[in-house]
Amino acid sequence: MSLIVQKFGGTSVGSIERIEQVADKVAGFRQNGHDVVVVVSAMSGETNRLIALAHEIQERPVPREMDVLVSTGEQVTTALLAMALNKRGVKAKSYNGSQVRILTDDAHTKARIKEIDDQRLHADLNEGYTIVVAGFQGVDEKGNITTLGRGGSDTTAVALAAALKAEECQIYTDVDGVYTTDPRVVDGARRLSRITFEEMLEMASMGSKVLQIRAVEFAGKYNVPVRVLHSFQDGPGTLISMEENSEMETPTIAGIAFNRDEAKLTIAGVPDMPGIAHHILGPIGDANIEVDVIVQNVSHDNTTDFTFTVGRNDLPRAQEVLEKVAKEINAREVESDSKIAKVSVVGVGMRSHAGVASQMFKALAEVGINIQMITTSEIKISVIIEEKFLELAVRSLHSSFELDKEPVNENAA
Ligand code: ADP
Ligand code: ASP
Ligand code: MG
């Protein structure tokens with residue numbers, strides 16, 4: 001009998017009716033002879049509701065208490081699903097993160113899983129139980145409840161699949177797989193039958209929130225095959241795995257990711273001399289602010305402009321830090337812009353195909369979109385553009401790279 005880990009996201013457990021449907025699905029897998037460990041998210045909207053409650057009390061509550069609060073959402077759905085399974089004659093037990101002992105570090109609200117104790121789960125599986133585990137949460141060495149960051153139930157599922165050496169980790173959600181780009185933005189987006197860990201990691205890192213980044217990292221590291229599927233529609237979904245698709249020529253581009261979560265800061269008129277980048281970004285790093293894209297212009301009159309992006313939430317703090325730096329180094333001014341977006345084309349095929357960047361820039365030029373910043377890695381090219389052009393950019397790139405067309409020779413699944 002094979003062991004499968006199945007994760008159901010917020011909309012899939014968003015009502016009692018849906019939880020009953022999920023129970024039918026899990027019961028079906030049991031009937032077919034599989035052992036099943038289910039990971040559930042909180043009901044859709046619940047985590048946001050809990051965060052809003054906290055903010056009614058305090059703008060920045062202590063992270064430890066935030067974790068105690070937001071972890072409750074997943075505890076509700078585990079119990080309800082276990083009841084629905086029991087009702088169907090499927091022996092089921094629910095566990096929260098600390099009961100399993102999903103041990104994490106103590107970085108509240110963004111903890112990382114260090115170890116999973118699989119003894120209790122194996123004992124239950126041997127006794128014929130189906131296990132329902134609360135996603136998104138763990139416990140630190142001292143017994144404090146921790147959470148894994150938004151979307152963290154994906155990571156719980158993949159980590160459990162790795163720890164239990166499951167045959168597959170199935171991520172059930174409200175789309176029937178990973179698409180060439182967010183299907184809510186581009187009508188012509190197409191489901192991919194498979195994608196490599198490496199490509200999925202870039203897609204997730206560049207803003208495709210269909211899977212949490214950490215989940216993809218885990219899957220790659222432990223070689224856990226992950227399949228993204230629709231909770232309530234049958235279909236093959238998308239398989240995320242190590243191998244590139246050998247039966248067809250690898251397409252140059254697998255997909256297009258985008259995100260609106262960044263803001264841009266420019267410090268203008270800074271002296272062009274050794275150590276200046278460190279002088280600017282050092283204090284930003286010390287303030288625990290992550291920097292993404294960086295551009296330094298060529299100098300005129302021995303001064304230069306230095307531009308970088310940070311998470312939009314960090315903009316006020318970053319600006320404060322930068323104003324101080326500007327005074328210290330005699331820079332002319334600090335400017336900021338939060339109405340930007342980042343669009344990235346991703347694909348392992350880029351390694352062997354030249355001209356992807358120029359095709360990308362041409363497609364954007366043809367619709368009159370100005371590129372503000374560019375950054376590349378081996379398998380991706382990202383540009384920063386004005387936010388109002390985001391959808392137009394994604395659509396233009398999608399058709400320029402012919403992502404709406406079915407690749408030749410692709411087998412149906
Ligand atoms: P869940 O609550 O099940 O975890 P999420 O909302 O986290 O679901 O993830 C599913 C959503 O991800 C989809 O509804 C879709 O809008 C979005 N999404 C973004 N990029 C993609 C993509 N490339 N392929 C599929 N879905 C995507
Ligand atoms: N409930 C958490 C969230 O909304 C975790 C998850 O759903 O994956 O972010
Ligand atoms: Mg999610």
# chains A, B, ... in the order shown; residues from 1 in each chain; ligands from 1
$ select_by_dssp --residues "range 159-362 of chain A" --states "strand (DSSP E or B)" --output "JSON, numbers by chain"
{"A": [168, 169, 170, 171, 172, 173, 179, 191, 194, 195, 196, 226, 227, 228, 229, 230, 238, 239, 240, 241, 255, 256, 257, 258, 259, 262, 263, 264, 265, 266, 267, 268, 269, 270, 271, 291, 292, 293, 294, 295, 296, 300, 303, 304, 305, 306, 307, 308, 309, 310, 311, 333, 334, 335, 336, 337, 340, 341, 342, 343, 344, 345, 346]}
$ residues_near_ligand --ligand "ligand 1" --cutoff "8 Å" --atoms "only C-alpha atoms and all ligand atoms" --output "CSV table (one decimal) with C-alpha atoms, in the first residue's frame"
chain,number,residue,atom,x,y,z
A,8,PHE,CA,-6.3,20.9,0.9
A,9,GLY,CA,-6.1,24.7,0.7
A,10,GLY,CA,-8.4,27.3,2.3
A,11,THR,CA,-11.1,27.4,-0.4
A,12,SER,CA,-11.2,23.6,-0.5
A,41,SER,CA,-5.3,25.0,5.8
A,44,SER,CA,-10.5,30.6,3.4
A,151,GLY,CA,0.8,29.9,2.4
A,153,SER,CA,0.5,24.7,4.7
A,154,ASP,CA,2.1,23.7,1.4
A,171,ILE,CA,-1.6,19.8,-3.4
A,172,TYR,CA,-5.3,20.2,-3.9
A,173,THR,CA,-6.4,23.8,-4.6
A,174,ASP,CA,-8.8,25.9,-6.6
A,175,VAL,CA,-7.0,25.6,-10.0
A,176,ASP,CA,-6.3,22.3,-11.8
A,177,GLY,CA,-2.6,22.7,-11.9
A,178,VAL,CA,0.3,25.1,-12.4
A,179,TYR,CA,-0.4,27.4,-15.4
A,180,THR,CA,1.9,29.2,-17.7
A,181,THR,CA,0.9,32.3,-15.8
A,182,ASP,CA,-1.8,33.2,-13.2
A,183,PRO,CA,-5.0,32.0,-15.0
A,184,ARG,CA,-6.9,34.7,-13.1
A,185,VAL,CA,-5.0,37.3,-15.0
A,191,ARG,CA,-1.9,24.2,-17.6
A,203,MET,CA,8.1,30.9,-10.5
A,207,GLY,CA,5.5,35.8,-7.3
A,208,SER,CA,3.4,32.8,-8.5
A,209,LYS,CA,1.7,32.1,-5.2
A,210,VAL,CA,0.2,28.8,-6.2
A,211,LEU,CA,2.9,27.1,-4.0
A,212,GLN,CA,4.8,28.5,-1.1
A,255,GLY,CA,5.9,30.5,-17.5
A,256,ILE,CA,5.6,34.1,-16.5
A,257,ALA,CA,5.4,35.2,-12.9
$ closest_residue --among "A:Glu386, A:Glu333, A:Glu127, A:Asp106" --to "Val270 in chain A" --atoms "only C-alpha atoms"
A:Glu333
$ closest_atom_pairs --of "range 218-314 of chain A" --to "range 360-384 of chain A" --cutoff "10 Å" --atoms "only C-alpha atoms" --output "Markdown table"
| residue | atom | partner | partner_atom | distance |
| --- | --- | --- | --- | --- |
| A:Thr252 | CA | A:Ile379 | CA | 9.4 |
| A:Ile253 | CA | A:Lys380 | CA | 8.8 |
| A:Ala254 | CA | A:Ile379 | CA | 9.9 |
| A:Gly255 | CA | A:Lys380 | CA | 9.8 |
| A:Ile256 | CA | A:Lys380 | CA | 9.4 |
| A:Ala257 | CA | A:Ser382 | CA | 9.0 |
| A:Phe258 | CA | A:Ser382 | CA | 8.8 |
| A:Asn259 | CA | A:Ile384 | CA | 9.7 |
| A:Arg260 | CA | A:Ile384 | CA | 9.9 |
| A:Glu262 | CA | A:Ile384 | CA | 9.4 |
| A:Ala263 | CA | A:Ile384 | CA | 9.8 |
| A:Lys264 | CA | A:Ile384 | CA | 9.1 |
| A:Asp292 | CA | A:Thr375 | CA | 9.4 |
| A:Val293 | CA | A:Thr375 | CA | 6.5 |
| A:Ile294 | CA | A:Met373 | CA | 8.0 |
| A:Val295 | CA | A:Met373 | CA | 6.9 |
| A:Thr307 | CA | A:Met373 | CA | 8.8 |
| A:Phe308 | CA | A:Met373 | CA | 8.9 |
| A:Thr309 | CA | A:Ile384 | CA | 9.2 |
$ residues_around --residues "His34 in chain A" --least-positions-apart "4" --cutoff "7 Å" --atoms "only C-alpha atoms" --output "tab-separated table (two decimals) with all heavy atoms, in the first residue's frame"
chain	number	residue	atom	x	y	z
A	1	MET	N	0.84	-1.21	0.00
A	1	MET	CA	0.00	0.00	0.00
A	1	MET	C	0.87	1.25	0.00
A	1	MET	O	1.82	1.34	0.75
A	1	MET	CB	-0.85	0.00	1.28
A	1	MET	CG	-2.26	-0.24	0.95
A	1	MET	SD	-3.51	0.01	2.17
A	1	MET	CE	-2.79	0.27	3.71
A	2	SER	N	0.51	2.21	-0.84
A	2	SER	CA	1.38	3.39	-0.88
A	2	SER	C	0.84	4.50	0.00
A	2	SER	O	-0.38	4.59	0.23
A	2	SER	CB	1.52	3.86	-2.31
A	2	SER	OG	0.27	4.35	-2.75
A	3	LEU	N	1.75	5.31	0.47
A	3	LEU	CA	1.37	6.42	1.33
A	3	LEU	C	1.36	7.71	0.51
A	3	LEU	O	2.32	8.03	-0.18
A	3	LEU	CB	2.38	6.54	2.47
A	3	LEU	CG	2.26	7.79	3.34
A	3	LEU	CD1	0.96	7.79	4.13
A	3	LEU	CD2	3.45	7.88	4.29
A	4	ILE	N	0.25	8.44	0.63
A	4	ILE	CA	0.14	9.71	-0.08
A	4	ILE	C	-0.13	10.82	0.94
A	4	ILE	O	-0.92	10.63	1.87
A	4	ILE	CB	-1.05	9.69	-1.08
A	4	ILE	CG1	-0.94	8.51	-2.03
A	4	ILE	CG2	-1.08	10.98	-1.89
A	4	ILE	CD1	-2.15	8.38	-2.93
A	29	PHE	N	-9.69	7.47	-1.66
A	29	PHE	CA	-8.29	7.01	-1.71
A	29	PHE	C	-8.07	5.87	-0.73
A	29	PHE	O	-7.35	4.92	-1.00
A	29	PHE	CB	-7.32	8.17	-1.41
A	29	PHE	CG	-6.99	8.99	-2.63
A	29	PHE	CD1	-7.78	10.06	-3.01
A	29	PHE	CD2	-5.89	8.66	-3.41
A	29	PHE	CE1	-7.48	10.80	-4.15
A	29	PHE	CE2	-5.58	9.39	-4.55
A	29	PHE	CZ	-6.38	10.46	-4.93
A	30	ARG	N	-8.71	5.94	0.44
A	30	ARG	CA	-8.59	4.86	1.42
A	30	ARG	C	-9.15	3.56	0.82
A	30	ARG	O	-8.55	2.49	0.94
A	30	ARG	CB	-9.38	5.20	2.70
A	30	ARG	CG	-8.75	6.24	3.57
A	30	ARG	CD	-7.45	5.78	4.18
A	30	ARG	NE	-7.59	4.63	5.09
A	30	ARG	CZ	-6.60	3.82	5.41
A	30	ARG	NH1	-5.39	4.00	4.91
A	30	ARG	NH2	-6.79	2.83	6.26
$ residues_around --residues "Ala107 in chain A" --least-positions-apart "3" --cutoff "12 Å" --atoms "only C-alpha atoms" --output "MDAnalysis selection string"
chainID A and resid 62:64 66:67 103:104 110:114 137:141 144:149
$ write_last_selection --atoms "N, CA, C and O atoms" --output "compact mmCIF listing (two decimals), in the first residue's frame"
# COMPACT_ATOMS: atom_id res chain seq x y z
N VAL A 62 3.15 41.34 19.40
CA VAL A 62 4.32 40.49 19.59
C VAL A 62 4.15 39.25 18.69
O VAL A 62 3.11 38.60 18.72
N PRO A 63 5.15 38.92 17.87
CA PRO A 63 5.03 37.80 16.94
C PRO A 63 4.62 36.48 17.61
O PRO A 63 3.87 35.69 17.05
N ARG A 64 5.10 36.26 18.84
CA ARG A 64 4.72 35.02 19.53
C ARG A 64 3.21 34.92 19.68
O ARG A 64 2.61 33.86 19.47
N MET A 66 0.95 36.50 17.86
CA MET A 66 0.35 36.37 16.52
C MET A 66 0.26 34.90 16.16
O MET A 66 -0.75 34.43 15.64
N ASP A 67 1.33 34.16 16.44
CA ASP A 67 1.36 32.74 16.09
C ASP A 67 0.32 31.93 16.88
O ASP A 67 -0.32 31.04 16.33
N LEU A 103 9.03 20.24 14.61
CA LEU A 103 9.96 21.13 15.31
C LEU A 103 10.47 22.20 14.36
O LEU A 103 10.94 21.90 13.26
N THR A 104 10.37 23.47 14.79
CA THR A 104 10.85 24.58 13.94
C THR A 104 11.86 25.42 14.72
O THR A 104 12.04 25.21 15.92
N LYS A 110 7.48 33.29 10.67
CA LYS A 110 8.18 32.82 9.45
C LYS A 110 9.16 31.72 9.81
O LYS A 110 10.29 31.68 9.32
N ALA A 111 8.71 30.81 10.69
CA ALA A 111 9.60 29.76 11.20
C ALA A 111 9.94 28.75 10.11
O ALA A 111 9.20 28.58 9.14
N ARG A 112 11.09 28.11 10.30
CA ARG A 112 11.51 27.06 9.36
C ARG A 112 11.47 25.71 10.06
O ARG A 112 11.87 25.60 11.22
N ILE A 113 11.03 24.70 9.33
CA ILE A 113 10.95 23.36 9.91
C ILE A 113 12.36 22.79 10.05
O ILE A 113 13.15 22.83 9.10
N LYS A 114 12.68 22.26 11.25
CA LYS A 114 13.99 21.65 11.45
C LYS A 114 13.90 20.12 11.42
O LYS A 114 14.81 19.44 10.96
N GLN A 137 1.84 25.27 10.83
CA GLN A 137 2.29 25.50 12.20
C GLN A 137 3.26 24.45 12.70
O GLN A 137 3.33 23.34 12.20
N GLY A 138 4.02 24.84 13.70
CA GLY A 138 4.95 23.93 14.35
C GLY A 138 5.16 24.36 15.78
O GLY A 138 4.35 25.09 16.35
N VAL A 139 6.26 23.89 16.34
CA VAL A 139 6.56 24.21 17.73
C VAL A 139 8.08 24.37 17.84
O VAL A 139 8.82 23.67 17.15
N ASP A 140 8.54 25.34 18.66
CA ASP A 140 9.99 25.49 18.78
C ASP A 140 10.52 24.64 19.94
O ASP A 140 9.74 23.98 20.63
N GLU A 141 11.83 24.67 20.15
CA GLU A 141 12.46 23.84 21.20
C GLU A 141 11.82 24.06 22.56
O GLU A 141 11.75 23.15 23.37
N ASN A 144 6.98 26.76 22.28
CA ASN A 144 6.14 27.85 21.77
C ASN A 144 5.55 27.47 20.42
O ASN A 144 6.24 26.86 19.59
N ILE A 145 4.29 27.88 20.18
CA ILE A 145 3.69 27.65 18.87
C ILE A 145 4.33 28.59 17.86
O ILE A 145 4.51 29.77 18.14
N THR A 146 4.67 28.06 16.69
CA THR A 146 5.23 28.90 15.62
C THR A 146 4.39 28.72 14.36
O THR A 146 3.66 27.73 14.23
N THR A 147 4.50 29.67 13.42
CA THR A 147 3.88 29.46 12.11
C THR A 147 4.92 29.71 11.01
O THR A 147 5.94 30.33 11.24
N LEU A 148 4.61 29.18 9.82
CA LEU A 148 5.62 29.07 8.76
C LEU A 148 5.53 30.14 7.68
O LEU A 148 6.14 30.00 6.63
N GLY A 149 4.75 31.19 7.92
CA GLY A 149 4.59 32.22 6.88
C GLY A 149 3.37 31.92 6.03
O GLY A 149 2.94 30.76 5.92
$ closest_residue --among "A:Pro61, A:Gly235, A:Gly188, A:Gly73" --to "Glu402 in chain A" --atoms "only C-alpha atoms"
A:Gly188
$ atom_distance --atom1 "CA of Glu20 in chain A" --atom2 "CA of Met43 in chain A"
13.2 Å
$ atom_distance --atom1 "CA of Asp118 in chain A" --atom2 "CA of Met200 in chain A"
27.4 Å
$ select_by_dssp --residues "range 105-243 of chain A" --states "alpha helix (DSSP H)" --output "ChimeraX atom specification"
/A:119-126,153-163,197-205,213-222
$ atom_distance --atom1 "CA of Asn288 in chain A" --atom2 "CA of Gly220 in chain A"
27.3 Å
$ closest_residue --among "A:Gly311, A:Gly97, A:Gly45, A:Pro274" --to "ligand 2" --atoms "only C-alpha atoms and all ligand atoms"
A:Gly45
$ residues_around --residues "Leu81 in chain A" --least-positions-apart "2" --cutoff "12 Å" --atoms "only C-alpha atoms" --output "mmCIF file with N, CA, C and O atoms, in the first residue's frame"
data_model
loop_
_atom_site.group_PDB
_atom_site.id
_atom_site.type_symbol
_atom_site.label_atom_id
_atom_site.label_comp_id
_atom_site.auth_asym_id
_atom_site.auth_seq_id
_atom_site.Cartn_x
_atom_site.Cartn_y
_atom_site.Cartn_z
ATOM 1 N N PHE A 8 -5.109 20.186 1.402
ATOM 2 C CA PHE A 8 -6.273 20.919 0.897
ATOM 3 C C PHE A 8 -6.200 22.367 1.375
ATOM 4 O O PHE A 8 -6.123 22.639 2.580
ATOM 5 N N SER A 12 -10.766 25.018 -0.418
ATOM 6 C CA SER A 12 -11.197 23.610 -0.474
ATOM 7 C C SER A 12 -11.795 23.143 0.850
ATOM 8 O O SER A 12 -12.469 22.110 0.896
ATOM 9 N N VAL A 13 -11.522 23.865 1.927
ATOM 10 C CA VAL A 13 -12.135 23.519 3.227
ATOM 11 C C VAL A 13 -12.905 24.729 3.773
ATOM 12 O O VAL A 13 -13.076 24.892 4.969
ATOM 13 N N GLY A 14 -13.378 25.578 2.818
ATOM 14 C CA GLY A 14 -13.978 26.851 3.207
ATOM 15 C C GLY A 14 -15.384 26.774 3.787
ATOM 16 O O GLY A 14 -15.910 27.786 4.265
ATOM 17 N N SER A 15 -16.026 25.604 3.752
ATOM 18 C CA SER A 15 -17.374 25.474 4.330
ATOM 19 C C SER A 15 -17.556 24.018 4.750
ATOM 20 O O SER A 15 -16.777 23.151 4.345
ATOM 21 N N ILE A 16 -18.600 23.769 5.532
ATOM 22 C CA ILE A 16 -18.859 22.384 5.959
ATOM 23 C C ILE A 16 -19.112 21.502 4.738
ATOM 24 O O ILE A 16 -18.628 20.374 4.653
ATOM 25 N N GLU A 17 -19.844 22.073 3.765
ATOM 26 C CA GLU A 17 -20.135 21.303 2.554
ATOM 27 C C GLU A 17 -18.836 20.862 1.858
ATOM 28 O O GLU A 17 -18.705 19.708 1.440
ATOM 29 N N ARG A 18 -17.910 21.791 1.756
ATOM 30 C CA ARG A 18 -16.637 21.461 1.089
ATOM 31 C C ARG A 18 -15.828 20.454 1.911
ATOM 32 O O ARG A 18 -15.184 19.570 1.353
ATOM 33 N N ILE A 19 -15.859 20.616 3.238
ATOM 34 C CA ILE A 19 -15.123 19.666 4.084
ATOM 35 C C ILE A 19 -15.697 18.262 3.876
ATOM 36 O O ILE A 19 -14.965 17.274 3.793
ATOM 37 N N GLU A 20 -17.022 18.197 3.729
ATOM 38 C CA GLU A 20 -17.654 16.887 3.468
ATOM 39 C C GLU A 20 -17.182 16.329 2.117
ATOM 40 O O GLU A 20 -16.912 15.134 1.985
ATOM 41 N N GLN A 21 -17.052 17.224 1.137
ATOM 42 C CA GLN A 21 -16.580 16.777 -0.184
ATOM 43 C C GLN A 21 -15.136 16.277 -0.112
ATOM 44 O O GLN A 21 -14.781 15.292 -0.756
ATOM 45 N N VAL A 22 -14.318 17.003 0.674
ATOM 46 C CA VAL A 22 -12.927 16.576 0.847
ATOM 47 C C VAL A 22 -12.899 15.191 1.508
ATOM 48 O O VAL A 22 -12.144 14.301 1.113
ATOM 49 N N ALA A 23 -13.771 15.009 2.509
ATOM 50 C CA ALA A 23 -13.829 13.713 3.202
ATOM 51 C C ALA A 23 -14.189 12.592 2.223
ATOM 52 O O ALA A 23 -13.616 11.501 2.275
ATOM 53 N N ASP A 24 -15.119 12.879 1.305
ATOM 54 C CA ASP A 24 -15.477 11.863 0.290
ATOM 55 C C ASP A 24 -14.254 11.488 -0.536
ATOM 56 O O ASP A 24 -14.013 10.320 -0.824
ATOM 57 N N LYS A 25 -13.500 12.531 -0.896
ATOM 58 C CA LYS A 25 -12.329 12.307 -1.747
ATOM 59 C C LYS A 25 -11.291 11.448 -1.009
ATOM 60 O O LYS A 25 -10.777 10.467 -1.557
ATOM 61 N N VAL A 26 -10.997 11.840 0.241
ATOM 62 C CA VAL A 26 -10.000 11.100 1.025
ATOM 63 C C VAL A 26 -10.474 9.658 1.249
ATOM 64 O O VAL A 26 -9.704 8.706 1.111
ATOM 65 N N ALA A 27 -11.767 9.507 1.539
ATOM 66 C CA ALA A 27 -12.320 8.159 1.768
ATOM 67 C C ALA A 27 -12.129 7.296 0.518
ATOM 68 O O ALA A 27 -11.838 6.096 0.614
ATOM 69 N N VAL A 37 -2.167 10.744 4.649
ATOM 70 C CA VAL A 37 -1.987 11.793 5.649
ATOM 71 C C VAL A 37 -2.481 13.074 4.996
ATOM 72 O O VAL A 37 -2.032 13.431 3.905
ATOM 73 N N VAL A 38 -3.467 13.716 5.629
ATOM 74 C CA VAL A 38 -4.040 14.926 5.047
ATOM 75 C C VAL A 38 -3.526 16.148 5.801
ATOM 76 O O VAL A 38 -3.433 16.131 7.028
ATOM 77 N N VAL A 39 -3.187 17.186 5.065
ATOM 78 C CA VAL A 39 -2.809 18.459 5.693
ATOM 79 C C VAL A 39 -3.870 19.477 5.284
ATOM 80 O O VAL A 39 -4.229 19.546 4.112
ATOM 81 N N VAL A 40 -4.387 20.223 6.244
ATOM 82 C CA VAL A 40 -5.399 21.222 5.878
ATOM 83 C C VAL A 40 -4.964 22.632 6.251
ATOM 84 O O VAL A 40 -4.249 22.858 7.211
ATOM 85 N N SER A 41 -5.463 23.576 5.445
ATOM 86 C CA SER A 41 -5.340 25.002 5.753
ATOM 87 C C SER A 41 -6.527 25.396 6.608
ATOM 88 O O SER A 41 -7.472 24.631 6.778
ATOM 89 N N ALA A 42 -6.513 26.649 7.053
ATOM 90 C CA ALA A 42 -7.695 27.220 7.704
ATOM 91 C C ALA A 42 -8.748 27.483 6.632
ATOM 92 O O ALA A 42 -8.425 27.555 5.441
ATOM 93 N N MET A 43 -10.026 27.633 7.047
ATOM 94 C CA MET A 43 -11.072 27.983 6.078
ATOM 95 C C MET A 43 -10.671 29.295 5.390
ATOM 96 O O MET A 43 -10.092 30.172 6.034
ATOM 97 N N GLU A 74 -6.250 26.564 11.557
ATOM 98 C CA GLU A 74 -5.984 25.207 11.054
ATOM 99 C C GLU A 74 -6.456 24.142 12.041
ATOM 100 O O GLU A 74 -6.754 23.013 11.651
ATOM 101 N N GLN A 75 -6.500 24.493 13.312
ATOM 102 C CA GLN A 75 -6.944 23.489 14.302
ATOM 103 C C GLN A 75 -8.433 23.178 14.106
ATOM 104 O O GLN A 75 -8.876 22.048 14.277
ATOM 105 N N VAL A 76 -9.189 24.199 13.720
ATOM 106 C CA VAL A 76 -10.631 24.022 13.490
ATOM 107 C C VAL A 76 -10.865 23.035 12.340
ATOM 108 O O VAL A 76 -11.648 22.079 12.452
ATOM 109 N N THR A 77 -10.170 23.250 11.217
ATOM 110 C CA THR A 77 -10.444 22.414 10.045
ATOM 111 C C THR A 77 -9.945 20.976 10.223
ATOM 112 O O THR A 77 -10.557 20.056 9.687
ATOM 113 N N THR A 78 -8.876 20.782 11.011
ATOM 114 C CA THR A 78 -8.429 19.388 11.216
ATOM 115 C C THR A 78 -9.501 18.591 11.933
ATOM 116 O O THR A 78 -9.831 17.465 11.543
ATOM 117 N N ALA A 79 -10.066 19.187 12.991
ATOM 118 C CA ALA A 79 -11.073 18.458 13.767
ATOM 119 C C ALA A 79 -12.316 18.185 12.920
ATOM 120 O O ALA A 79 -12.854 17.072 12.918
ATOM 121 N N MET A 83 -13.826 14.521 11.882
ATOM 122 C CA MET A 83 -15.222 14.120 12.162
ATOM 123 C C MET A 83 -15.919 13.632 10.892
ATOM 124 O O MET A 83 -16.605 12.608 10.893
ATOM 125 N N ALA A 84 -15.724 14.389 9.807
ATOM 126 C CA ALA A 84 -16.379 14.016 8.543
ATOM 127 C C ALA A 84 -15.878 12.651 8.062
ATOM 128 O O ALA A 84 -16.646 11.861 7.496
ATOM 129 N N LEU A 85 -14.607 12.357 8.298
ATOM 130 C CA LEU A 85 -14.071 11.043 7.911
ATOM 131 C C LEU A 85 -14.653 9.956 8.803
ATOM 132 O O LEU A 85 -15.089 8.905 8.328
ATOM 133 N N ASN A 86 -14.672 10.215 10.114
ATOM 134 C CA ASN A 86 -15.243 9.237 11.045
ATOM 135 C C ASN A 86 -16.682 8.890 10.657
ATOM 136 O O ASN A 86 -17.086 7.735 10.675
ATOM 137 N N LYS A 87 -17.444 9.932 10.282
ATOM 138 C CA LYS A 87 -18.833 9.728 9.879
ATOM 139 C C LYS A 87 -18.946 8.754 8.707
ATOM 140 O O LYS A 87 -19.913 8.012 8.585
ATOM 141 N N ARG A 88 -17.924 8.750 7.865
ATOM 142 C CA ARG A 88 -17.920 7.857 6.694
ATOM 143 C C ARG A 88 -17.298 6.498 7.006
ATOM 144 O O ARG A 88 -16.995 5.723 6.098
ATOM 145 N N VAL A 90 -14.334 6.038 8.149
ATOM 146 C CA VAL A 90 -12.872 6.050 7.980
ATOM 147 C C VAL A 90 -12.281 6.487 9.322
ATOM 148 O O VAL A 90 -12.534 7.592 9.787
ATOM 149 N N LYS A 91 -11.527 5.575 9.954
ATOM 150 C CA LYS A 91 -10.911 5.921 11.250
ATOM 151 C C LYS A 91 -9.938 7.073 11.053
ATOM 152 O O LYS A 91 -9.007 6.972 10.253
ATOM 153 N N ALA A 92 -10.162 8.185 11.760
ATOM 154 C CA ALA A 92 -9.290 9.345 11.544
ATOM 155 C C ALA A 92 -8.951 10.025 12.854
ATOM 156 O O ALA A 92 -9.725 9.990 13.809
ATOM 157 N N LYS A 93 -7.760 10.611 12.895
ATOM 158 C CA LYS A 93 -7.314 11.364 14.068
ATOM 159 C C LYS A 93 -6.721 12.677 13.597
ATOM 160 O O LYS A 93 -5.973 12.701 12.614
ATOM 161 N N SER A 94 -7.016 13.763 14.321
ATOM 162 C CA SER A 94 -6.412 15.044 13.959
ATOM 163 C C SER A 94 -5.271 15.384 14.915
ATOM 164 O O SER A 94 -5.298 14.988 16.087
ATOM 165 N N TYR A 95 -4.289 16.097 14.397
ATOM 166 C CA TYR A 95 -3.164 16.556 15.221
ATOM 167 C C TYR A 95 -2.795 17.983 14.860
ATOM 168 O O TYR A 95 -2.811 18.346 13.679
ATOM 169 N N THR A 130 -6.387 7.265 9.330
ATOM 170 C CA THR A 130 -6.062 8.339 8.407
ATOM 171 C C THR A 130 -5.765 9.536 9.294
ATOM 172 O O THR A 130 -6.488 9.800 10.258
ATOM 173 N N ILE A 131 -4.684 10.239 8.982
ATOM 174 C CA ILE A 131 -4.249 11.303 9.883
ATOM 175 C C ILE A 131 -4.490 12.663 9.249
ATOM 176 O O ILE A 131 -4.215 12.854 8.068
ATOM 177 N N VAL A 132 -5.018 13.572 10.061
ATOM 178 C CA VAL A 132 -5.253 14.930 9.565
ATOM 179 C C VAL A 132 -4.374 15.885 10.370
ATOM 180 O O VAL A 132 -4.505 15.986 11.588
ATOM 181 N N VAL A 133 -3.451 16.552 9.687
ATOM 182 C CA VAL A 133 -2.482 17.409 10.375
ATOM 183 C C VAL A 133 -2.756 18.873 10.033
ATOM 184 O O VAL A 133 -3.030 19.213 8.875
ATOM 185 N N ALA A 134 -2.666 19.715 11.042
ATOM 186 C CA ALA A 134 -2.838 21.155 10.827
ATOM 187 C C ALA A 134 -1.643 21.698 10.054
ATOM 188 O O ALA A 134 -0.497 21.543 10.482
#
$ closest_residue --among "A:Ala331, A:Ala204, A:Val224, A:Val298" --to "ligand 3" --atoms "only C-alpha atoms and all ligand atoms"
A:Ala204
$ residues_around --residues "Gly282 in chain A" --least-positions-apart "4" --cutoff "12 Å" --atoms "only C-alpha atoms" --output "MDAnalysis selection string"
chainID A and resid 275:278 286:291 318 321:322 325
$ closest_residue --among "A:Arg49, A:Arg312, A:Lys165, A:Lys339" --to "ligand 2" --atoms "only C-alpha atoms and all ligand atoms"
A:Arg49
$ closest_residue --among "A:Gly349, A:Pro316, A:Gly237, A:Gly135" --to "ligand 2" --atoms "only C-alpha atoms and all ligand atoms"
A:Gly135
